[in-house]
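Structure file run12.cif; described as mmCIF, C-alpha atoms and all ligand atoms.
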```
data_target
#
loop_
_atom_site.group_PDB
_atom_site.id
_atom_site.type_symbol
_atom_site.label_atom_id
_atom_site.label_comp_id
_atom_site.auth_asym_id
_atom_site.auth_seq_id
_atom_site.Cartn_x
_atom_site.Cartn_y
_atom_site.Cartn_z
ATOM 1 C CA MET A 1 -21.845 2.772 4.941
ATOM 2 C CA LYS A 2 -21.127 0.152 7.583
ATOM 3 C CA LEU A 3 -17.769 0.408 9.326
ATOM 4 C CA ARG A 4 -15.859 -2.785 8.559
ATOM 5 C CA LYS A 5 -12.199 -1.847 8.314
ATOM 6 C CA VAL A 6 -9.827 -1.113 11.127
ATOM 7 C CA VAL A 7 -6.136 -0.299 10.862
ATOM 8 C CA PHE A 8 -3.598 -1.280 13.528
ATOM 9 C CA PRO A 9 -0.311 0.542 12.914
ATOM 10 C CA VAL A 10 2.198 -1.785 14.573
ATOM 11 C CA ALA A 11 5.460 -0.933 12.804
ATOM 12 C CA GLY A 12 6.731 1.630 15.343
ATOM 13 C CA HIS A 13 10.081 1.221 17.127
ATOM 14 C CA GLY A 14 8.800 1.189 20.696
ATOM 15 C CA SER A 15 11.858 3.226 21.675
ATOM 16 C CA ARG A 16 10.335 4.294 25.007
ATOM 17 C CA PHE A 17 10.397 0.633 26.002
ATOM 18 C CA LEU A 18 13.929 -0.428 25.075
ATOM 19 C CA PRO A 19 15.562 -2.872 25.632
ATOM 20 C CA ALA A 20 12.345 -4.953 25.861
ATOM 21 C CA THR A 21 11.362 -3.876 22.349
ATOM 22 C CA LYS A 22 14.718 -4.500 20.676
ATOM 23 C CA ALA A 23 13.543 -7.719 19.007
ATOM 24 C CA THR A 24 9.978 -7.997 20.373
ATOM 25 C CA PRO A 25 7.162 -5.758 19.140
ATOM 26 C CA LYS A 26 5.830 -3.457 21.880
ATOM 27 C CA GLU A 27 2.355 -4.626 20.846
ATOM 28 C CA MET A 28 3.305 -8.149 21.997
ATOM 29 C CA LEU A 29 4.104 -7.046 25.558
ATOM 30 C CA THR A 30 1.596 -8.705 27.847
ATOM 31 C CA VAL A 31 -0.720 -7.192 30.410
ATOM 32 C CA VAL A 32 -1.116 -10.139 32.789
ATOM 33 C CA ASP A 33 -1.362 -12.891 30.152
ATOM 34 C CA LYS A 34 -2.523 -11.249 26.959
ATOM 35 C CA PRO A 35 -0.503 -9.173 24.465
ATOM 36 C CA LEU A 36 -1.575 -5.565 23.940
ATOM 37 C CA ILE A 37 -2.437 -6.221 20.307
ATOM 38 C CA GLN A 38 -4.949 -8.911 21.340
ATOM 39 C CA TYR A 39 -6.769 -6.470 23.629
ATOM 40 C CA ALA A 40 -6.929 -4.058 20.677
ATOM 41 C CA VAL A 41 -8.192 -6.693 18.244
ATOM 42 C CA GLU A 42 -10.840 -7.905 20.698
ATOM 43 C CA GLU A 43 -12.040 -4.311 21.150
ATOM 44 C CA ALA A 44 -12.382 -3.973 17.354
ATOM 45 C CA LEU A 45 -14.230 -7.287 17.013
ATOM 46 C CA GLU A 46 -16.637 -6.260 19.797
ATOM 47 C CA ALA A 47 -17.354 -3.059 17.836
ATOM 48 C CA GLY A 48 -18.302 -5.124 14.759
ATOM 49 C CA PHE A 49 -15.165 -4.650 12.618
ATOM 50 C CA THR A 50 -14.364 -7.585 10.339
ATOM 51 C CA ASP A 51 -11.394 -6.466 8.220
ATOM 52 C CA LEU A 52 -8.380 -6.196 10.513
ATOM 53 C CA ILE A 53 -5.538 -4.440 8.728
ATOM 54 C CA PHE A 54 -2.122 -4.585 10.396
ATOM 55 C CA ILE A 55 0.640 -2.274 9.208
ATOM 56 C CA THR A 56 3.694 -4.222 10.261
ATOM 57 C CA GLY A 57 7.427 -3.866 9.809
ATOM 58 C CA LYS A 58 10.786 -5.274 10.796
ATOM 59 C CA THR A 59 10.876 -7.491 13.942
ATOM 60 C CA LYS A 60 7.065 -7.744 14.038
ATOM 61 C CA ARG A 61 6.617 -11.324 12.834
ATOM 62 C CA THR A 62 5.304 -12.605 16.154
ATOM 63 C CA ILE A 63 2.174 -10.454 15.719
ATOM 64 C CA THR A 64 1.294 -12.367 12.556
ATOM 65 C CA ASP A 65 1.997 -15.696 14.274
ATOM 66 C CA HIS A 66 -0.141 -14.744 17.258
ATOM 67 C CA PHE A 67 -3.334 -14.560 15.191
ATOM 68 C CA ASP A 68 -2.688 -17.837 13.333
ATOM 69 C CA LEU A 69 -3.875 -21.177 14.615
ATOM 70 C CA SER A 70 -0.314 -21.630 15.796
ATOM 71 C CA LEU A 71 -0.757 -23.991 18.732
ATOM 72 C CA GLU A 72 -0.726 -27.586 17.550
ATOM 73 C CA THR A 73 -2.373 -30.320 19.564
ATOM 74 C CA THR A 74 -0.871 -33.808 19.608
ATOM 75 C CA PRO A 75 -2.718 -37.124 20.117
ATOM 76 C CA ASN A 76 -1.102 -37.854 23.503
ATOM 77 C CA MET A 77 -2.047 -34.484 25.012
ATOM 78 C CA SER A 78 -4.525 -34.323 27.874
ATOM 79 C CA GLU A 79 -8.075 -33.280 26.948
ATOM 80 C CA GLN A 80 -7.673 -30.276 29.239
ATOM 81 C CA LYS A 81 -4.577 -29.069 27.414
ATOM 82 C CA LYS A 82 -6.236 -29.660 24.015
ATOM 83 C CA ALA A 83 -9.195 -27.519 25.103
ATOM 84 C CA LEU A 84 -6.841 -24.773 26.294
ATOM 85 C CA PHE A 85 -4.961 -24.815 22.965
ATOM 86 C CA ASP A 86 -8.236 -24.699 20.987
ATOM 87 C CA ARG A 87 -9.569 -21.776 23.032
ATOM 88 C CA THR A 88 -6.286 -19.887 22.714
ATOM 89 C CA ASN A 89 -6.087 -20.456 18.981
ATOM 90 C CA ARG A 90 -9.529 -19.021 18.312
ATOM 91 C CA ILE A 91 -8.991 -15.245 18.595
ATOM 92 C CA ILE A 92 -10.244 -14.307 15.133
ATOM 93 C CA PRO A 93 -13.771 -15.558 14.359
ATOM 94 C CA SER A 94 -14.424 -17.035 10.910
ATOM 95 C CA HIS A 95 -16.398 -13.975 9.722
ATOM 96 C CA ALA A 96 -13.341 -11.729 10.206
ATOM 97 C CA SER A 97 -9.971 -11.671 8.448
ATOM 98 C CA CYS A 98 -6.466 -10.386 9.081
ATOM 99 C CA ILE A 99 -4.661 -8.439 6.381
ATOM 100 C CA TYR A 100 -0.953 -7.754 6.848
ATOM 101 C CA LEU A 101 0.761 -4.906 5.034
ATOM 102 C CA ARG A 102 4.350 -3.757 5.465
ATOM 103 C CA GLN A 103 5.581 -0.280 6.181
ATOM 104 C CA GLY A 104 9.014 -0.604 4.572
ATOM 105 C CA GLU A 105 10.347 2.593 6.167
ATOM 106 C CA PRO A 106 9.295 3.970 9.560
ATOM 107 C CA LEU A 107 8.211 7.411 8.341
ATOM 108 C CA GLY A 108 5.546 8.100 10.971
ATOM 109 C CA LEU A 109 1.964 7.285 11.957
ATOM 110 C CA GLY A 110 0.454 9.171 9.015
ATOM 111 C CA HIS A 111 2.663 7.261 6.593
ATOM 112 C CA ALA A 112 1.755 3.949 8.265
ATOM 113 C CA ILE A 113 -1.974 4.580 7.804
ATOM 114 C CA LEU A 114 -1.425 5.531 4.179
ATOM 115 C CA GLN A 115 -0.020 2.041 3.524
ATOM 116 C CA ALA A 116 -3.563 0.712 4.046
ATOM 117 C CA LYS A 117 -5.032 2.815 1.218
ATOM 118 C CA PRO A 118 -5.255 0.016 -1.399
ATOM 119 C CA VAL A 119 -7.185 -2.164 1.058
ATOM 120 C CA ILE A 120 -9.400 0.585 2.485
ATOM 121 C CA GLY A 121 -10.699 1.656 -0.947
ATOM 122 C CA ASP A 122 -13.471 4.239 -0.571
ATOM 123 C CA GLU A 123 -14.795 3.210 2.861
ATOM 124 C CA PRO A 124 -14.605 5.018 6.197
ATOM 125 C CA PHE A 125 -12.328 3.204 8.643
ATOM 126 C CA ALA A 126 -11.056 3.108 12.207
ATOM 127 C CA VAL A 127 -7.512 3.292 13.565
ATOM 128 C CA VAL A 128 -6.439 1.723 16.860
ATOM 129 C CA LEU A 129 -3.095 2.305 18.573
ATOM 130 C CA ALA A 130 -2.594 -0.830 20.640
ATOM 131 C CA ASP A 131 -0.262 0.754 23.192
ATOM 132 C CA ASP A 132 -3.217 2.788 24.474
ATOM 133 C CA LEU A 133 -4.967 0.136 26.548
ATOM 134 C CA ILE A 134 -8.389 1.271 27.732
ATOM 135 C CA GLU A 135 -10.332 -0.484 30.442
ATOM 136 C CA SER A 136 -14.062 0.131 30.068
ATOM 137 C CA LYS A 137 -17.371 -1.666 30.366
ATOM 138 C CA LYS A 138 -18.226 -1.055 26.711
ATOM 139 C CA GLY A 139 -15.125 -0.959 24.480
ATOM 140 C CA VAL A 140 -14.162 2.553 23.362
ATOM 141 C CA LEU A 141 -14.358 1.634 19.680
ATOM 142 C CA LYS A 142 -17.923 0.349 20.220
ATOM 143 C CA GLN A 143 -18.776 3.576 22.067
ATOM 144 C CA MET A 144 -17.467 5.530 19.068
ATOM 145 C CA VAL A 145 -19.245 3.379 16.464
ATOM 146 C CA ASP A 146 -22.498 3.924 18.372
ATOM 147 C CA SER A 147 -21.986 7.714 18.199
ATOM 148 C CA TYR A 148 -21.006 7.749 14.526
ATOM 149 C CA ASP A 149 -23.625 8.530 11.897
ATOM 150 C CA ASP A 150 -22.052 10.707 9.206
ATOM 151 C CA GLU A 151 -19.665 9.245 6.658
ATOM 152 C CA ASN A 152 -18.074 12.632 6.020
ATOM 153 C CA ALA A 153 -17.320 13.203 9.679
ATOM 154 C CA SER A 154 -14.372 11.845 11.671
ATOM 155 C CA LEU A 155 -14.206 11.032 15.381
ATOM 156 C CA ILE A 156 -11.104 11.259 17.545
ATOM 157 C CA SER A 157 -11.063 9.986 21.108
ATOM 158 C CA VAL A 158 -9.748 12.414 23.715
ATOM 159 C CA GLN A 159 -9.247 12.696 27.444
ATOM 160 C CA ARG A 160 -8.160 15.478 29.776
ATOM 161 C CA VAL A 161 -4.419 15.405 30.508
ATOM 162 C CA SER A 162 -2.186 17.386 32.826
ATOM 163 C CA LYS A 163 -0.376 20.447 31.483
ATOM 164 C CA GLU A 164 3.056 18.795 31.690
ATOM 165 C CA ASP A 165 1.809 15.774 29.710
ATOM 166 C CA ALA A 166 0.655 17.887 26.740
ATOM 167 C CA GLN A 167 3.978 17.284 24.988
ATOM 168 C CA GLN A 168 3.260 13.541 24.750
ATOM 169 C CA TYR A 169 -0.013 13.914 22.830
ATOM 170 C CA GLY A 170 -1.857 15.444 19.957
ATOM 171 C CA MET A 171 -3.638 18.302 21.762
ATOM 172 C CA ILE A 172 -6.942 19.724 20.547
ATOM 173 C CA SER A 173 -9.357 22.567 21.102
ATOM 174 C CA THR A 174 -13.089 22.491 20.440
ATOM 175 C CA ASN A 175 -15.935 24.891 19.689
ATOM 176 C CA ASP A 176 -18.136 23.345 22.370
ATOM 177 C CA ASN A 177 -17.255 23.286 26.020
ATOM 178 C CA ASP A 178 -18.374 19.865 27.042
ATOM 179 C CA GLY A 179 -20.409 16.802 26.210
ATOM 180 C CA ASN A 180 -19.340 13.551 24.598
ATOM 181 C CA LEU A 181 -19.000 14.847 21.057
ATOM 182 C CA MET A 182 -17.326 18.209 20.550
ATOM 183 C CA LYS A 183 -16.491 19.793 17.205
ATOM 184 C CA LEU A 184 -12.756 20.251 16.777
ATOM 185 C CA SER A 185 -11.377 23.706 16.064
ATOM 186 C CA ASN A 186 -7.652 22.951 16.258
ATOM 187 C CA ILE A 187 -5.139 20.145 16.771
ATOM 188 C CA ILE A 188 -1.372 20.312 17.396
ATOM 189 C CA GLU A 189 1.067 17.414 17.705
ATOM 190 C CA LYS A 190 2.965 17.306 21.018
ATOM 191 C CA PRO A 191 3.035 21.036 21.815
ATOM 192 C CA LYS A 192 5.008 22.620 24.660
ATOM 193 C CA PRO A 193 2.698 22.899 27.699
ATOM 194 C CA GLU A 194 2.331 26.674 27.174
ATOM 195 C CA ASP A 195 1.294 26.165 23.523
ATOM 196 C CA ALA A 196 -1.384 23.503 24.177
ATOM 197 C CA PRO A 197 -4.768 24.823 22.976
ATOM 198 C CA SER A 198 -6.640 23.102 25.871
ATOM 199 C CA ASP A 199 -6.190 20.182 28.269
ATOM 200 C CA LEU A 200 -7.754 17.654 25.871
ATOM 201 C CA GLY A 201 -5.248 15.097 24.569
ATOM 202 C CA VAL A 202 -5.768 12.592 21.748
ATOM 203 C CA VAL A 203 -5.899 8.897 22.677
ATOM 204 C CA GLY A 204 -5.291 6.160 20.100
ATOM 205 C CA ARG A 205 -8.806 5.483 18.801
ATOM 206 C CA TYR A 206 -10.050 7.172 15.625
ATOM 207 C CA ILE A 207 -12.851 6.780 13.073
ATOM 208 C CA PHE A 208 -11.996 8.493 9.811
ATOM 209 C CA SER A 209 -13.836 9.680 6.770
ATOM 210 C CA ASN A 210 -12.107 8.141 3.766
ATOM 211 C CA LYS A 211 -11.073 11.665 2.733
ATOM 212 C CA ILE A 212 -8.286 11.659 5.362
ATOM 213 C CA LEU A 213 -6.233 9.541 2.929
ATOM 214 C CA ALA A 214 -6.109 12.349 0.353
ATOM 215 C CA PHE A 215 -4.993 14.761 3.073
ATOM 216 C CA LEU A 216 -2.336 12.318 4.274
ATOM 217 C CA GLU A 217 -0.973 12.012 0.756
ATOM 218 C CA LYS A 218 -0.314 15.734 0.708
ATOM 219 C CA THR A 219 1.189 15.879 4.215
ATOM 220 C CA LYS A 220 4.881 16.758 4.424
ATOM 221 C CA PRO A 221 7.096 15.475 7.279
ATOM 222 C CA GLY A 222 6.402 17.425 10.477
ATOM 223 C CA ALA A 223 7.351 16.875 14.153
ATOM 224 C CA GLY A 224 10.287 14.441 14.475
ATOM 225 C CA ASN A 225 10.631 14.597 10.667
ATOM 226 C CA GLU A 226 7.723 12.110 10.428
ATOM 227 C CA ILE A 227 4.510 12.236 8.403
ATOM 228 C CA GLN A 228 2.124 13.084 11.221
ATOM 229 C CA LEU A 229 -1.513 12.025 11.266
ATOM 230 C CA THR A 230 -2.214 15.137 13.356
ATOM 231 C CA ASP A 231 -1.020 17.435 10.546
ATOM 232 C CA ALA A 232 -3.401 15.814 8.038
ATOM 233 C CA ILE A 233 -6.311 16.116 10.505
ATOM 234 C CA LYS A 234 -5.501 19.806 10.993
ATOM 235 C CA VAL A 235 -5.817 20.506 7.263
ATOM 236 C CA MET A 236 -8.936 18.342 6.936
ATOM 237 C CA LEU A 237 -10.631 20.469 9.619
ATOM 238 C CA ASN A 238 -10.949 23.298 7.097
ATOM 239 C CA ASP A 239 -13.183 21.196 4.825
ATOM 240 C CA LEU A 240 -14.841 18.474 6.862
ATOM 241 C CA PRO A 241 -16.263 18.037 10.373
ATOM 242 C CA VAL A 242 -14.044 16.328 12.940
ATOM 243 C CA PHE A 243 -15.378 15.577 16.416
ATOM 244 C CA ALA A 244 -13.554 14.914 19.654
ATOM 245 C CA TYR A 245 -15.126 12.017 21.518
ATOM 246 C CA GLN A 246 -14.752 11.888 25.310
ATOM 247 C CA PHE A 247 -14.909 8.181 26.073
ATOM 248 C CA GLU A 248 -15.853 6.356 29.229
ATOM 249 C CA GLY A 249 -12.988 4.271 30.565
ATOM 250 C CA THR A 250 -9.508 4.342 32.047
ATOM 251 C CA ARG A 251 -6.607 4.601 29.661
ATOM 252 C CA TYR A 252 -3.134 3.208 30.312
ATOM 253 C CA ASP A 253 -0.226 4.377 28.174
ATOM 254 C CA CYS A 254 1.450 1.008 27.707
ATOM 255 C CA GLY A 255 4.108 2.405 25.376
ATOM 256 C CA ASP A 256 5.580 3.846 28.558
ATOM 257 C CA LYS A 257 7.162 1.688 31.276
ATOM 258 C CA LEU A 258 5.270 3.192 34.201
ATOM 259 C CA GLY A 259 1.912 3.196 32.371
ATOM 260 C CA PHE A 260 2.472 -0.447 31.429
ATOM 261 C CA ILE A 261 3.274 -1.431 35.021
ATOM 262 C CA LYS A 262 0.148 0.387 36.265
ATOM 263 C CA ALA A 263 -1.961 -1.503 33.708
ATOM 264 C CA ASN A 264 -0.498 -4.816 34.847
ATOM 265 C CA ILE A 265 -1.222 -4.037 38.497
ATOM 266 C CA GLU A 266 -4.804 -2.950 37.779
ATOM 267 C CA TYR A 267 -5.611 -5.928 35.554
ATOM 268 C CA ALA A 268 -3.866 -8.355 37.920
ATOM 269 C CA LEU A 269 -5.812 -7.028 40.919
ATOM 270 C CA LYS A 270 -9.013 -7.860 39.027
ATOM 271 C CA ASN A 271 -7.836 -11.339 38.070
ATOM 272 C CA GLU A 272 -10.274 -14.001 39.277
ATOM 273 C CA LYS A 273 -7.577 -16.530 40.192
ATOM 274 C CA PHE A 274 -4.977 -14.440 41.990
ATOM 275 C CA GLY A 275 -6.339 -10.885 42.343
ATOM 276 C CA ASN A 276 -7.092 -11.238 46.054
ATOM 277 C CA GLU A 277 -3.779 -12.885 46.802
ATOM 278 C CA LEU A 278 -1.971 -10.062 45.020
ATOM 279 C CA LYS A 279 -3.959 -7.487 47.008
ATOM 280 C CA GLU A 280 -2.859 -9.129 50.246
ATOM 281 C CA TYR A 281 0.739 -9.288 49.052
ATOM 282 C CA LEU A 282 0.760 -5.595 48.110
ATOM 283 C CA LYS A 283 -0.795 -4.628 51.444
ATOM 284 C CA ARG A 284 1.933 -6.523 53.311
ATOM 285 C CA ARG A 285 4.645 -5.195 51.049
ATOM 286 C CA LEU A 286 3.583 -1.556 51.450
ATOM 287 C CA ALA A 287 2.750 -1.703 55.155
HETATM 288 C C1 LIG B 301 0.346 9.208 18.658
HETATM 289 C C2 LIG B 301 -0.257 10.458 18.017
HETATM 290 C C3 LIG B 301 -0.671 11.455 19.095
HETATM 291 C C4 LIG B 301 -1.609 10.788 20.093
HETATM 292 C C5 LIG B 301 -0.949 9.512 20.664
HETATM 293 C C6 LIG B 301 -1.924 8.739 21.533
HETATM 294 O O1 LIG B 301 1.585 9.571 19.246
HETATM 295 O O2 LIG B 301 0.673 11.036 17.120
HETATM 296 O O3 LIG B 301 -1.327 12.551 18.491
HETATM 297 O O4 LIG B 301 -1.935 11.682 21.134
HETATM 298 O O5 LIG B 301 -0.517 8.644 19.610
HETATM 299 O O6 LIG B 301 -1.300 7.661 22.142
HETATM 300 P P1 LIG B 301 2.684 8.456 19.717
HETATM 301 O O7 LIG B 301 2.263 8.004 21.083
HETATM 302 O O8 LIG B 301 2.635 7.372 18.702
HETATM 303 O O9 LIG B 301 3.984 9.192 19.738
#
```
Using structure tokens, write down the structure from this file.
Amino acid sequence: MKLRKVVFPVAGHGSRFLPATKATPKEMLTVVDKPLIQYAVEEALEAGFTDLIFITGKTKRTITDHFDLSLETTPNMSEQKKALFDRTNRIIPSHASCIYLRQGEPLGLGHAILQAKPVIGDEPFAVVLADDLIESKKGVLKQMVDSYDDENASLISVQRVSKEDAQQYGMISTNDNDGNLMKLSNIIEKPKPEDAPSDLGVVGRYIFSNKILAFLEKTKPGAGNEIQLTDAIKVMLNDLPVFAYQFEGTRYDCGDKLGFIKANIEYALKNEKFGNELKEYLKRRLA
């Protein structure tokens, strides 16, 4: 079955980024000039997804506005400005559509994904966490779609992380030692460094067999008293294959202030208009 549906859980509090995220969604924070959620949506469109399902919540209205044709041109505007507005308005192509669902209570990532069940029906689907920004030649979701060929299997993107960082991630272990696709043997949400089963941490890109929804429905609140996606994956492992996918690309944790600043510096240094000027400025500043 073709992969068409992708879920963007965007109802989280963004508490690591307060006060910026008090009234602004963390997914609307910009790296150079584009909000994180737009990078995520463009990655999904590149991978061929057409049904973009946003799980939104309180204070998230600007996300909905961002994907509307919200810039209005006026007759007295310059042609240049009109062209800019038209280009900026056209993020979602006509063959794709945005579906907005509300997560009335913030009960965790697993609970957020479950809100999409009526729209997902019986299809496999992807999940993208927009605060994981990944710079790569071929988008990570496209890399995963290209490696996916079994509707019963699920794929989780992973990267090696330092021991101290284990407590920020879902940490996994695999049956195979290396390679792009490794069969999962265990997964634990945010373990203490000494309890991490390996140095492979989960990054926010997933392709799921539809069966994950049934496992999520049975999942009780876990870490942080939230319904954890990781706990449902752990139970699913007993019945169905789950693979860890080591992607090509550099990931920035933009839910974290330092990660977000690093992403801005990296993307700004590559900016066609002012990248070189910024490089010179930084050289002078750090000399
Ligand atoms: C979530 C997942 C975690 C994963 C992480 C990736 O955690 O629960 O397993 O490693 O995303 O960014 P969060 O960052 O939402 O706390």
(request) Please write as number ranges by chain the full residue list that the PyMOL selection byres (((chain A and resi 212-221) around 12) and not hetatm) yields on this file. (result) A: 106-127, 151-155, 206-211, 222-242
(request) Could you please determine the separation between atom CA of A:Leu36 and atom CA of A:Asp253 in Å, to one decimal place? (result) 10.9 Å
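Using only C-alpha atoms, the smallest distance between any of A:Thr21, A:Ser78, A:Thr64, A:Ser157 and A:Gln143 comes from A:Ser157.
Our summary of the geometry notes that atom CA of A:Leu71 is positioned 18.8 Å from atom CA of A:Val41.
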Closest atom pairs, residues of chain A within 7 Å of ligand LIG 301 (chain B), all atoms listed in the file, as JSON lines:
```
{"residue": "A:Leu109", "atom": "CA", "partner": "B:LIG301", "partner_atom": "O2", "distance": 6.5}
{"residue": "A:Leu129", "atom": "CA", "partner": "B:LIG301", "partner_atom": "O6", "distance": 6.7}
{"residue": "A:Asp132", "atom": "CA", "partner": "B:LIG301", "partner_atom": "O6", "distance": 5.7}
{"residue": "A:Gln168", "atom": "CA", "partner": "B:LIG301", "partner_atom": "O4", "distance": 6.6}
{"residue": "A:Tyr169", "atom": "CA", "partner": "B:LIG301", "partner_atom": "O4", "distance": 3.4}
{"residue": "A:Gly170", "atom": "CA", "partner": "B:LIG301", "partner_atom": "O3", "distance": 3.3}
{"residue": "A:Met171", "atom": "CA", "partner": "B:LIG301", "partner_atom": "O4", "distance": 6.9}
{"residue": "A:Glu189", "atom": "CA", "partner": "B:LIG301", "partner_atom": "O3", "distance": 5.5}
{"residue": "A:Lys190", "atom": "CA", "partner": "B:LIG301", "partner_atom": "O3", "distance": 6.9}
{"residue": "A:Gly201", "atom": "CA", "partner": "B:LIG301", "partner_atom": "O4", "distance": 5.9}
{"residue": "A:Val202", "atom": "CA", "partner": "B:LIG301", "partner_atom": "O4", "distance": 4.0}
{"residue": "A:Val203", "atom": "CA", "partner": "B:LIG301", "partner_atom": "C6", "distance": 4.1}
{"residue": "A:Gly204", "atom": "CA", "partner": "B:LIG301", "partner_atom": "C6", "distance": 4.5}
{"residue": "A:Gln228", "atom": "CA", "partner": "B:LIG301", "partner_atom": "O2", "distance": 6.4}
{"residue": "A:Leu229", "atom": "CA", "partner": "B:LIG301", "partner_atom": "O2", "distance": 6.3}
{"residue": "A:Thr230", "atom": "CA", "partner": "B:LIG301", "partner_atom": "O3", "distance": 5.8}
{"residue": "A:Asp253", "atom": "CA", "partner": "B:LIG301", "partner_atom": "O6", "distance": 7.0}
```
To test your reading of the syntax: which residues would the PyMOL selection byres (((chain A and resi 138) around 10) and not hetatm) return for the file shown? Reply as a PDB file with C-alpha atoms, in the coordinates of the input.
```
ATOM      1  CA  GLU A  43     -12.040  -4.311  21.150  1.00  0.00           C
ATOM      2  CA  GLU A  46     -16.637  -6.260  19.797  1.00  0.00           C
ATOM      3  CA  ALA A  47     -17.354  -3.059  17.836  1.00  0.00           C
ATOM      4  CA  GLU A 135     -10.332  -0.484  30.442  1.00  0.00           C
ATOM      5  CA  SER A 136     -14.062   0.131  30.068  1.00  0.00           C
ATOM      6  CA  LYS A 137     -17.371  -1.666  30.366  1.00  0.00           C
ATOM      7  CA  GLY A 139     -15.125  -0.959  24.480  1.00  0.00           C
ATOM      8  CA  VAL A 140     -14.162   2.553  23.362  1.00  0.00           C
ATOM      9  CA  LEU A 141     -14.358   1.634  19.680  1.00  0.00           C
ATOM     10  CA  LYS A 142     -17.923   0.349  20.220  1.00  0.00           C
ATOM     11  CA  GLN A 143     -18.776   3.576  22.067  1.00  0.00           C
ATOM     12  CA  PHE A 247     -14.909   8.181  26.073  1.00  0.00           C
ATOM     13  CA  GLU A 248     -15.853   6.356  29.229  1.00  0.00           C
ATOM     14  CA  GLY A 249     -12.988   4.271  30.565  1.00  0.00           C
TER      15      GLY A 249
END
```
Give the centre and edge lengths of an axis-aligned box, in Å to one decimal, that holds all listed atoms of stretch 127-135 of chain A with 4 Å on each side, as AutoDock Vina command-line options.
```
--center_x -5.3 --center_y 1.2 --center_z 22.0 --size_x 18.1 --size_y 12.1 --size_z 24.9
```
At most 7 Å is the cut-off: for each residue in stretch 100-119 of chain A with any atom that close to an atom of stretch 48-55 of chain A, write down the nearest atom pair and the distance in Å rounded to one decimal, counting all atoms listed in the file, chain first then increasing number, as a tab-separated table.
```
residue	atom	partner	partner_atom	distance
A:Tyr100	CA	A:Phe54	CA	4.9
A:Leu101	CA	A:Ile55	CA	4.9
A:Arg102	CA	A:Ile55	CA	5.5
A:Gln103	CA	A:Ile55	CA	6.1
A:Ala112	CA	A:Ile55	CA	6.4
```
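Distances to A:Met182 were evaluated for A:Ile261, A:Tyr245, A:Glu194, A:Tyr252 using all atoms listed in the file, and the minimum falls at A:Tyr245.
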(request) Please indicate the distance in Å from atom CA of A:Leu69 to atom CA of A:Arg90, rounded to one decimal place. (result) 7.1 Å
(request) List the residues matched by the PyMOL selection byres (((chain A and resi 57) around 8) and not hetatm) in the displayed structure as a list in words, ordered by chain and then by residue number. (result) Val10, Ala11, Gly12, Ile55, Thr56, Lys58, Thr59, Lys60, Arg102, Gln103, Gly104 and Glu105 of chain A
Restrict the calculation to all atoms listed in the file, then for each residue of stretch 81-100 of chain A with any atom at most 12 Å from an atom of stretch 5-9 of chain A give the closest atom pair and their distance in Å to one decimal, rows by chain and rising residue number, as JSON lines.
```
{"residue": "A:Ala96", "atom": "CA", "partner": "A:Lys5", "partner_atom": "CA", "distance": 10.1}
{"residue": "A:Ser97", "atom": "CA", "partner": "A:Lys5", "partner_atom": "CA", "distance": 10.1}
{"residue": "A:Cys98", "atom": "CA", "partner": "A:Val6", "partner_atom": "CA", "distance": 10.1}
{"residue": "A:Ile99", "atom": "CA", "partner": "A:Val7", "partner_atom": "CA", "distance": 9.4}
{"residue": "A:Tyr100", "atom": "CA", "partner": "A:Phe8", "partner_atom": "CA", "distance": 9.7}
```
(request) Place a sphere of radius 10 Å on (1.0, -1.5, 30.9) in the file coordinates and name every protein, DNA or RNA residue with an atom inside or on its surface, counting all atoms listed in the file; give the answer as a count of residues only. (result) 25
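Closest to A:Gln246 among A:Met28, A:Leu278, A:Ala196, A:Val158 is A:Val158, based on all atoms listed in the file.
Restricting the calculation to only C-alpha atoms, the smallest distance between A:Tyr148 and any of A:Pro25, A:Ala244, A:Asn89, A:Pro75 is found for A:Ala244.
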(message) At a cut-off of 12 Å, using only C-alpha atoms, what residues contact A:Glu72? Leave out same-chain residues fewer than 6 positions from it and give the result as a ChimeraX atom specification.
(response) /A:81-89
